[in-house]
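my_file_31.txt (compact mmCIF, C-alpha atoms)
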```txt
# COMPACT_ATOMS: atom_id res chain seq x y z
CA MET A 1444 0.00 0.00 0.00
CA VAL A 1445 1.43 3.41 -0.95
CA ASP A 1446 1.24 6.18 1.65
CA ALA A 1447 -0.61 9.30 0.64
CA PRO A 1448 1.78 12.24 0.10
CA MET A 1449 2.06 14.47 3.17
CA ALA A 1450 0.44 17.90 2.86
CA PRO A 1451 3.12 20.65 2.97
CA ILE A 1452 3.06 22.64 6.19
CA ASP A 1453 3.82 26.03 4.52
CA SER A 1454 4.35 27.55 1.08
CA ASP A 1455 8.12 27.06 1.22
CA ALA A 1456 7.67 23.42 2.14
CA ALA A 1457 5.30 23.18 -0.85
CA LEU A 1458 8.08 24.58 -3.07
CA MET A 1459 10.45 21.99 -1.68
CA VAL A 1460 7.94 19.24 -2.45
CA ALA A 1461 7.58 20.62 -5.98
CA PHE A 1462 11.37 20.53 -6.33
CA GLN A 1463 11.32 16.98 -5.04
CA GLN A 1464 8.91 16.12 -7.85
CA GLY A 1465 11.30 17.50 -10.46
CA ASN A 1466 10.41 21.19 -10.62
CA ASN A 1467 13.81 22.90 -10.63
CA GLU A 1468 12.25 26.35 -10.72
CA ALA A 1469 10.90 25.71 -7.23
CA PHE A 1470 14.46 25.30 -6.00
CA ASP A 1471 15.42 28.57 -7.71
CA GLN A 1472 12.59 30.32 -5.90
CA LEU A 1473 13.72 28.96 -2.55
CA LEU A 1474 17.28 29.97 -3.35
CA ASP A 1475 16.18 33.45 -4.28
CA LYS A 1476 14.11 33.83 -1.14
CA TYR A 1477 16.61 32.49 1.37
CA HIS A 1478 20.17 32.96 0.19
CA ARG A 1479 20.64 36.51 1.53
CA ARG A 1480 19.03 35.65 4.83
CA ILE A 1481 21.14 32.54 5.26
CA VAL A 1482 24.40 34.28 4.32
CA ASN A 1483 23.67 37.07 6.81
CA PHE A 1484 22.61 34.68 9.53
CA ILE A 1485 25.81 32.65 9.16
CA TYR A 1486 27.84 35.85 8.96
CA LYS A 1487 26.57 36.84 12.40
CA ILE A 1488 27.66 33.49 13.78
CA VAL A 1489 31.06 33.03 12.11
CA ASN A 1490 31.81 36.75 11.70
CA ASN A 1491 33.49 36.37 8.34
CA SER A 1492 31.72 37.21 5.08
CA ALA A 1493 33.69 34.89 2.76
CA GLU A 1494 33.28 32.00 5.14
CA ALA A 1495 29.58 32.81 5.53
CA GLU A 1496 29.09 32.58 1.76
CA GLU A 1497 30.98 29.32 1.59
CA LEU A 1498 28.89 27.80 4.39
CA ALA A 1499 25.67 29.12 2.83
CA GLN A 1500 26.61 27.35 -0.40
CA GLU A 1501 27.02 24.17 1.60
CA VAL A 1502 23.58 24.70 3.16
CA PHE A 1503 21.92 24.89 -0.27
CA LEU A 1504 23.93 21.95 -1.55
CA ARG A 1505 22.68 19.90 1.39
CA ILE A 1506 19.12 20.92 0.61
CA TYR A 1507 19.67 19.92 -2.98
CA ARG A 1508 21.05 16.54 -1.93
CA ALA A 1509 18.24 15.96 0.57
CA ARG A 1510 15.48 16.44 -1.99
CA GLY A 1511 14.96 12.67 -2.21
CA THR A 1512 14.42 12.18 1.50
CA TYR A 1513 12.75 15.48 2.43
CA GLU A 1514 9.45 15.21 4.31
CA PRO A 1515 7.38 18.37 4.81
CA THR A 1516 6.72 17.71 8.50
CA ALA A 1517 8.17 20.99 9.80
CA HIS A 1518 8.40 24.57 8.59
CA PHE A 1519 10.88 24.88 5.76
CA ALA A 1520 12.48 27.90 7.46
CA ALA A 1521 13.11 25.88 10.61
CA TRP A 1522 14.73 23.14 8.53
CA ILE A 1523 17.03 25.43 6.56
CA TYR A 1524 18.04 27.35 9.69
CA ARG A 1525 18.77 24.10 11.44
CA ILE A 1526 21.16 23.08 8.67
CA ALA A 1527 22.75 26.54 8.74
CA THR A 1528 22.99 26.50 12.54
CA ASN A 1529 24.65 23.10 12.64
CA LEU A 1530 27.21 24.09 10.03
CA SER A 1531 27.89 27.45 11.71
CA LEU A 1532 28.24 25.99 15.19
CA LYS A 1533 30.59 23.34 13.84
CA GLU A 1534 32.67 26.05 12.19
CA ALA A 1535 32.57 28.23 15.31
CA GLY A 1536 33.66 25.24 17.39
CA LYS A 1537 36.60 24.61 15.05
CA ARG A 1538 37.59 28.25 15.28
CA ASN A 1539 37.35 28.27 19.06
CA ARG A 1540 39.66 25.26 19.22
CA LEU A 1541 42.08 26.97 16.83
CA LEU A 1542 41.97 30.17 18.85
CA PHE A 1543 42.55 28.23 22.06
CA TRP A 1544 45.55 26.51 20.49
CA ARG A 1545 46.97 29.74 19.12
CA ARG A 1546 46.31 31.58 22.37
CA ASP A 1547 48.08 28.81 24.20
CA ARG A 1548 51.10 29.14 21.94
CA ASN A 1549 51.14 32.93 21.99
CA SER A 1550 49.82 33.65 25.45
CA HIS A 1551 51.88 36.83 25.67
CA ASP A 1552 49.80 38.46 22.92
CA SER A 1553 46.44 36.73 23.02
CA THR A 1554 44.36 39.79 22.16
CA ALA A 1555 46.28 40.47 18.99
CA VAL A 1556 46.06 36.82 17.95
CA GLU A 1557 42.30 36.70 18.45
CA GLN A 1558 41.89 39.92 16.55
CA ASP A 1559 44.04 38.55 13.75
CA ALA A 1560 42.11 35.26 13.59
CA ILE A 1561 38.66 36.75 13.63
CA GLU A 1562 39.06 39.92 11.62
CA ASP A 1563 37.55 39.64 8.21
CA PRO A 1564 39.22 41.10 5.14
CA LEU A 1565 36.17 43.22 4.41
CA PRO A 1566 35.24 44.63 1.04
CA ASP A 1567 34.73 48.38 0.71
CA ALA A 1568 30.94 48.18 0.69
CA GLU A 1569 30.98 46.28 3.92
CA HIS A 1570 33.47 48.73 5.43
CA LYS A 1571 30.96 51.45 4.78
CA LEU A 1572 28.25 49.45 6.45
CA ILE A 1573 30.19 48.88 9.64
CA ALA A 1574 31.70 52.33 9.74
CA ALA A 1575 29.14 53.41 12.30
CA GLU A 1576 30.55 53.10 15.80
CA THR A 1577 27.44 51.38 17.13
CA GLY A 1578 27.53 48.69 14.49
CA ARG A 1579 31.18 47.96 15.25
CA VAL A 1580 30.59 47.77 18.97
CA ILE A 1581 27.56 45.51 18.60
CA ARG A 1582 29.35 43.26 16.16
CA ARG A 1583 32.26 42.88 18.56
CA ALA A 1584 29.89 42.22 21.46
CA ILE A 1585 27.98 39.54 19.59
CA ARG A 1586 31.06 37.77 18.34
CA SER A 1587 32.37 37.50 21.90
CA LEU A 1588 29.33 35.45 22.96
CA PRO A 1589 29.54 31.68 23.41
CA PRO A 1590 28.29 29.98 20.20
CA ARG A 1591 24.92 28.73 21.48
CA GLU A 1592 24.03 32.04 23.14
CA ARG A 1593 25.05 33.84 19.97
CA THR A 1594 22.96 31.53 17.78
CA ALA A 1595 19.84 31.81 19.92
CA LEU A 1596 20.18 35.58 20.16
CA VAL A 1597 20.72 36.00 16.43
CA LEU A 1598 17.80 33.74 15.55
CA ARG A 1599 15.55 35.71 17.88
CA ARG A 1600 16.77 39.24 17.21
CA TYR A 1601 17.58 39.16 13.50
CA GLU A 1602 15.63 36.23 12.08
CA GLU A 1603 12.62 37.00 14.29
CA LEU A 1604 11.85 33.38 15.01
CA SER A 1605 9.71 32.22 17.93
CA TYR A 1606 11.18 30.46 20.96
CA LYS A 1607 9.52 27.29 19.78
CA GLU A 1608 11.12 27.51 16.33
CA ILE A 1609 14.52 28.30 17.85
CA ALA A 1610 14.18 25.33 20.18
CA GLU A 1611 13.38 23.15 17.18
CA ILE A 1612 16.37 24.49 15.25
CA MET A 1613 18.81 24.20 18.14
CA GLN A 1614 17.32 20.90 19.29
CA CYS A 1615 16.82 21.99 22.87
CA THR A 1616 13.92 23.08 25.09
CA GLU A 1617 12.19 26.44 24.94
CA ALA A 1618 13.36 27.11 28.49
CA ALA A 1619 16.97 26.58 27.38
CA VAL A 1620 16.41 28.97 24.48
CA LYS A 1621 15.09 31.65 26.84
CA THR A 1622 18.10 31.15 29.08
CA TYR A 1623 20.53 31.43 26.15
CA ILE A 1624 18.84 34.60 24.94
CA HIS A 1625 18.74 36.20 28.36
CA ARG A 1626 22.39 35.38 29.06
CA GLY A 1627 23.33 36.61 25.60
CA LYS A 1628 21.54 39.91 26.16
CA LEU A 1629 23.29 40.35 29.52
CA HIS A 1630 26.68 39.66 27.92
CA VAL A 1631 26.05 42.12 25.11
CA ARG A 1632 24.87 44.66 27.67
CA ASP A 1633 28.09 44.14 29.66
CA SER A 1634 30.18 44.59 26.50
CA ILE A 1635 28.54 47.87 25.55
CA LEU A 1636 27.98 49.17 29.08
CA PRO A 1637 30.47 52.06 28.79
CA TYR A 1638 28.62 53.26 25.68
CA LEU A 1639 25.25 52.83 27.39
CA GLN A 1640 26.46 54.80 30.39
CA LYS A 1641 27.91 57.53 28.18
CA GLY A 1642 24.60 57.62 26.37
CA SER A 1643 26.27 57.15 22.99
CA ILE A 1644 24.08 54.12 22.36
CA MET B 810 11.66 46.32 21.79
CA GLN B 811 10.40 43.25 20.02
CA GLU B 812 10.91 41.26 23.19
CA LYS B 813 8.84 43.81 25.07
CA ALA B 814 6.16 43.93 22.41
CA SER B 815 5.78 40.16 22.50
CA ARG B 816 4.75 40.32 26.16
CA ASP B 817 1.22 40.65 27.36
CA PRO B 818 1.12 43.55 29.87
CA ASP B 819 -2.17 42.24 31.28
CA ALA B 820 -0.75 38.86 32.26
CA PRO B 821 -0.44 38.58 36.08
CA ALA B 822 3.30 37.89 36.05
CA GLU B 823 3.88 40.74 33.65
CA ARG B 824 1.78 43.10 35.72
CA GLY B 825 3.79 42.14 38.80
CA LEU B 826 7.04 42.79 36.98
CA LEU B 827 5.91 46.20 35.78
CA GLU B 828 4.84 47.12 39.30
CA HIS B 829 8.23 46.02 40.61
CA LEU B 830 10.05 48.06 37.98
CA GLY B 831 8.03 51.06 39.10
CA ILE B 832 9.44 50.91 42.62
CA CYS B 833 12.93 49.29 42.20
CA THR B 834 15.41 51.65 40.60
CA GLU B 835 18.13 48.99 40.21
CA CYS B 836 15.87 46.64 38.25
CA ALA B 837 14.40 49.52 36.29
CA LYS B 838 17.95 50.55 35.31
CA LEU B 839 18.80 47.00 34.23
CA ALA B 840 15.56 46.72 32.23
CA ASP B 841 16.30 50.02 30.54
CA GLN B 842 19.86 48.94 29.65
CA LEU B 843 18.62 45.62 28.29
CA GLU B 844 16.02 47.36 26.18
CA ARG B 845 18.56 49.83 24.79
CA THR B 846 20.90 46.90 24.11
CA TRP B 847 18.15 45.12 22.19
CA ILE B 848 17.48 48.24 20.14
CA ALA B 849 21.19 48.87 19.52
CA MET B 850 21.57 45.36 18.18
CA GLU B 851 19.76 46.36 15.03
CA HIS B 852 22.92 48.23 14.04
CA HIS B 853 24.77 44.99 13.44
CA PRO B 854 26.08 45.29 9.89
CA THR B 855 24.70 43.11 7.13
CA VAL B 856 26.72 41.75 4.24
CA GLU B 857 25.94 42.07 0.56
CA VAL B 858 25.99 38.65 -0.99
CA SER B 859 28.49 38.51 -3.83
CA GLN B 860 27.12 38.53 -7.37
CA ASP B 861 28.52 35.13 -8.19
CA PHE B 862 26.90 33.36 -5.25
CA VAL B 863 24.01 31.85 -7.22
CA PRO B 864 26.00 31.07 -10.42
CA LYS B 865 28.72 29.46 -8.32
CA LEU B 866 26.17 27.36 -6.45
CA LYS B 867 24.49 26.28 -9.67
CA ALA B 868 27.85 25.32 -11.13
CA ARG B 869 28.55 23.19 -8.06
CA ILE B 870 25.15 21.53 -8.39
CA ARG B 871 25.81 20.82 -12.09
CA THR B 872 29.20 19.31 -11.25
CA GLU B 873 27.65 17.19 -8.53
CA ARG B 874 24.85 16.03 -10.81
CA ALA B 875 27.36 15.13 -13.55
CA ALA B 876 29.52 13.25 -11.05
CA ALA B 877 26.46 11.39 -9.76
CA GLY B 878 25.47 10.47 -13.33
CA ALA B 879 28.98 9.28 -14.15
CA GLY B 880 29.01 7.33 -10.89
CA ARG B 881 25.79 5.56 -11.83
CA LYS B 882 27.21 4.57 -15.23
CA ARG B 883 30.45 3.34 -13.76
CA ARG B 884 28.88 1.36 -10.96
CA PRO B 885 28.40 -2.04 -12.77
CA ALA B 886 31.99 -1.99 -14.03
CA LEU B 887 33.19 -1.18 -10.52
CA ARG B 888 31.16 -4.07 -9.14
CA TRP B 889 32.90 -6.46 -11.55
CA GLN B 890 36.28 -5.07 -10.59
CA TRP B 891 35.54 -5.62 -6.93
CA ALA B 892 34.29 -9.12 -7.64
CA ALA B 893 37.49 -9.92 -9.57
CA VAL B 894 39.63 -8.56 -6.73
CA ALA B 895 37.65 -10.63 -4.20
CA VAL B 896 38.15 -13.83 -6.25
CA CYS B 897 41.90 -13.16 -6.53
CA VAL B 898 42.16 -12.60 -2.78
CA MET B 899 40.27 -15.82 -2.07
CA LEU B 900 42.49 -17.82 -4.45
CA ALA B 901 45.60 -16.39 -2.85
CA ALA B 902 44.23 -17.29 0.57
CA VAL B 903 43.55 -20.89 -0.50
CA VAL B 904 47.07 -21.27 -1.95
CA LEU B 905 48.62 -19.84 1.19
CA MET B 906 46.58 -22.09 3.43
CA ARG B 907 47.72 -25.14 1.50
CA THR B 908 51.41 -24.26 1.38
CA TRP B 909 52.12 -22.30 4.47
CA HIS B 910 50.90 -22.99 7.96
CA PRO B 911 52.20 -20.14 10.05
CA TRP B 912 50.10 -21.31 12.98
CA ASN B 913 51.86 -24.73 12.93
CA ALA B 914 55.32 -23.59 11.88
CA ASP B 915 56.64 -22.97 15.39
CA ALA B 916 54.80 -25.97 16.77
CA GLY B 917 56.58 -28.20 14.17
CA VAL B 918 59.99 -27.05 15.30
CA ASP B 919 59.06 -27.66 18.91
CA GLU B 920 57.72 -31.11 18.07
CA THR B 921 60.93 -32.12 16.27
CA ASP B 922 63.09 -30.96 19.17
CA LYS B 923 60.89 -32.79 21.63
CA LEU B 924 60.99 -36.03 19.63
CA ALA B 925 64.78 -35.81 19.29
CA ALA B 926 65.16 -35.25 23.02
CA GLU B 927 62.93 -38.23 23.77
CA ARG B 928 64.86 -40.42 21.36
CA ASN B 929 68.17 -39.37 22.97
CA HIS B 930 66.77 -40.11 26.36
CA ARG B 931 65.59 -43.55 25.29
CA ASP B 932 68.99 -44.25 23.71
CA GLU B 933 70.69 -43.12 26.87
CA LEU B 934 68.56 -45.46 28.99
CA PHE B 935 69.11 -48.31 26.58
CA LEU B 936 72.89 -47.81 26.68
CA GLN B 937 72.90 -47.54 30.45
CA ASN B 938 70.96 -50.81 30.68
CA LEU B 939 73.24 -52.47 28.19
CA GLU B 940 76.29 -51.24 30.04
CA GLN B 941 74.88 -52.45 33.32
CA THR B 942 74.02 -55.80 31.85
CA LEU B 943 77.44 -56.21 30.30
CA ARG B 944 79.16 -55.15 33.51
CA THR B 945 77.29 -57.78 35.46
CA SER B 946 77.31 -60.59 32.89
CA ALA B 947 80.65 -60.02 31.03
CA PRO B 948 82.97 -57.67 32.97
CA ASP B 949 85.79 -58.06 30.43
CA TYR B 950 83.65 -57.11 27.50
CA LEU B 951 83.70 -53.36 27.95
CA SER B 952 87.43 -52.98 28.19
CA THR B 953 87.82 -55.29 25.21
CA TYR B 954 85.26 -53.30 23.25
CA ASP B 955 86.77 -49.92 24.07
CA SER B 956 90.29 -51.06 23.21
CA TRP B 957 89.32 -53.04 20.11
CA PRO B 958 91.71 -52.12 17.30
CA GLY B 959 89.79 -50.44 14.49
CA GLY B 960 86.75 -50.15 16.72
CA ILE B 961 84.43 -47.18 16.72
CA PRO B 962 86.45 -45.03 19.14
CA GLU B 963 89.50 -45.50 17.04
CA GLN B 964 87.63 -44.74 13.85
CA LEU B 965 86.50 -41.51 15.37
CA GLY B 966 89.96 -40.65 16.66
CA ILE B 967 88.98 -40.97 20.33
CA GLU B 968 91.30 -42.40 22.91
CA PRO B 969 89.67 -45.41 24.57
CA SER B 970 89.60 -44.32 28.18
CA GLY B 971 86.66 -46.15 29.60
CA SER B 972 83.19 -46.71 28.38
CA ARG B 973 81.25 -43.61 29.47
CA PRO B 974 83.72 -40.85 28.61
CA ALA B 975 84.43 -42.51 25.28
CA ARG B 976 80.78 -42.65 24.34
CA LYS B 977 80.22 -39.08 25.47
CA ALA B 978 83.09 -37.97 23.26
CA MET B 979 81.60 -39.93 20.38
CA LYS B 980 78.24 -38.27 20.86
CA LYS B 981 79.85 -34.83 20.97
CA GLU B 982 81.69 -35.54 17.77
CA SER B 983 78.63 -36.83 15.96
CA SER B 984 76.51 -33.81 17.00
```
Would you write the structure of this file as structure tokens?
Amino acid sequence: MVDAPMAPIDSDAALMVAFQQGNNEAFDQLLDKYHRRIVNFIYKIVNNSAEAEELAQEVFLRIYRARGTYEPTAHFAAWIYRIATNLSLKEAGKRNRLLFWRRDRNSHDSTAVEQDAIEDPLPDAEHKLIAAETGRVIRRAIRSLPPRERTALVLRRYEELSYKEIAEIMQCTEAAVKTYIHRGKLHVRDSILPYLQKGSI
Amino acid sequence: MQEKASRDPDAPAERGLLEHLGICTECAKLADQLERTWIAMEHHPTVEVSQDFVPKLKARIRTERAAAGAGRKRRPALRWQWAAVAVCVMLAAVVLMRTWHPWNADAGVDETDKLAAERNHRDELFLQNLEQTLRTSAPDYLSTYDSWPGGIPEQLGIEPSGSRPARKAMKKESS
């Protein structure tokens, strides 16, 4: 007996199902809709634009490869963000280990090393974007967060997802998500406290 | 801001919190800082995705699809290759098992040594018995035998100096 096809949960899931059935234009639509969002989301996690693009390419490649096994049981956005989150956290973990190793070897100049490892060779357009003092301070504050706090905060603040969706993406409870977000906010507040007290933010 | 907007100010817990913030300056200060932090976070820079992002991705997908297609075509040939390799390995294993027994090789050496030692021991006992018998039944025999011209000790170039030392010397020579 053949199972009846599952009804897609949202319009993006319906596009994915169409792609699954051989409609390549559906994939193009999904790509068009999500690629900027995914690149920017990953950028906020890994803090490097070239790396963010590379990882975003990997996200879409994985979606392409998964077309045969995809089941529209959850929101498409939650699925794509979960792939992006897993890849970003893996990358962030690798970088943390590298930083730890380099810091260990160059303990006399750890700040410079971290700066060197994280700083992105930014294109001119991006330089213009982050020229504002506030943007720079916020970016630095967010990149100093532990990976899971950073991910939860970015998903909530910039991707405007619900606690439930974030919990689904990060594969943890809603309570844990709330804790990550609250801690993340406190850390960012601590990082920008001098600016808050001066009133420049 | 969004965090605040998502709350229901009429909910009992929320109402209690708002009342508390009205009387506690420390908490009110923290709430204000957190809210300003949340607002300031919107200044995080965004990146412009490079123009070649989509073409590059599509090229990668095309490459992958071509590789997958080529893989499908090659698969039967690869299966035959693996089957041929497996047959060769099995044949080699059979030949090795018939000609070479590494698990018995050491045991064989031990067995030979053991058998030789047992045979020597039996010979030794036999000779001792013979000697004893000859000593008791024909006391002159041994000296006659040892000093026999052209006898075994002489052939081996051993001086006949009694039965036991002579035989020991013979054994040493032969080994």
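Going from atom CA of Thr1622 of chain A over to atom CA of Glu1592 of chain A, you cover 8.4 Å.
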Practice prompt. Determine, counting all atoms listed in the file, every residue of protein, DNA or RNA that lies within 12 Å of (17.4, 47.8, 26.3) in the file coordinates, then give the result as a PyMOL selection string.
Written response: (chain A and resi 1625+1628-1629+1631-1633+1635-1636+1639+1644) or (chain B and resi 810-813+837-851)
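One finds atom CA of Thr908 of chain B at 19.1 Å from atom CA of Glu920 of chain B.
The gap separating atom CA of Ala1521 of chain A from atom CA of Asn1490 of chain A is 21.7 Å, in Å to one decimal.
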Worksheet item: When the cut-off is 7 Å and we count all atoms listed in the file, which residues of chain A are near chain B, given as an MDAnalysis selection string?
Response: chainID A and resid 1479 1483 1492 1500 1504 1569 1572:1573 1577:1578 1581:1582 1628 1632 1644
Worksheet, complete the sentence: Between A:Ser1643, A:Ser1634, A:Ser1454, A:Ser1587, smallest distance to His1518 of chain A by only C-alpha atoms belongs to A:Ser1454
Item to complete: Find, counting all atoms listed in the file, the residue in A:Ala1457, A:Asn1466, A:Arg1480, A:Asp1475 that gets nearest to Glu1514 of chain A.
Response: A:Ala1457
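Residues surrounding Phe1519 of chain A within 12 Å are Pro1451, Ile1452, Asp1453, Ser1454, Asp1455, Ala1456, Ala1457, Leu1458, Met1459, Val1460, Leu1473, Lys1476, Tyr1477, Ile1506, Tyr1513, Glu1514, Pro1515, Thr1516, Trp1522, Ile1523, Tyr1524, Arg1525, Ile1526, Glu1608, Glu1611 and Ile1612 of chain A [all atoms listed in the file; sequence separation below 3 positions excluded].
Minimum atom-to-atom distances from A:His1630, A:Asn1467, A:Ala1461, A:Leu1532 to Thr1594 of chain A were compared using only C-alpha atoms, and the lowest value belongs to A:Leu1532.
Comparing the minimum interatomic distances between Arg1591 of chain A and each of A:Tyr1606, A:Phe1484, A:Tyr1623, A:Phe1470, counting all atoms listed in the file, we find that A:Tyr1623 sits nearest.
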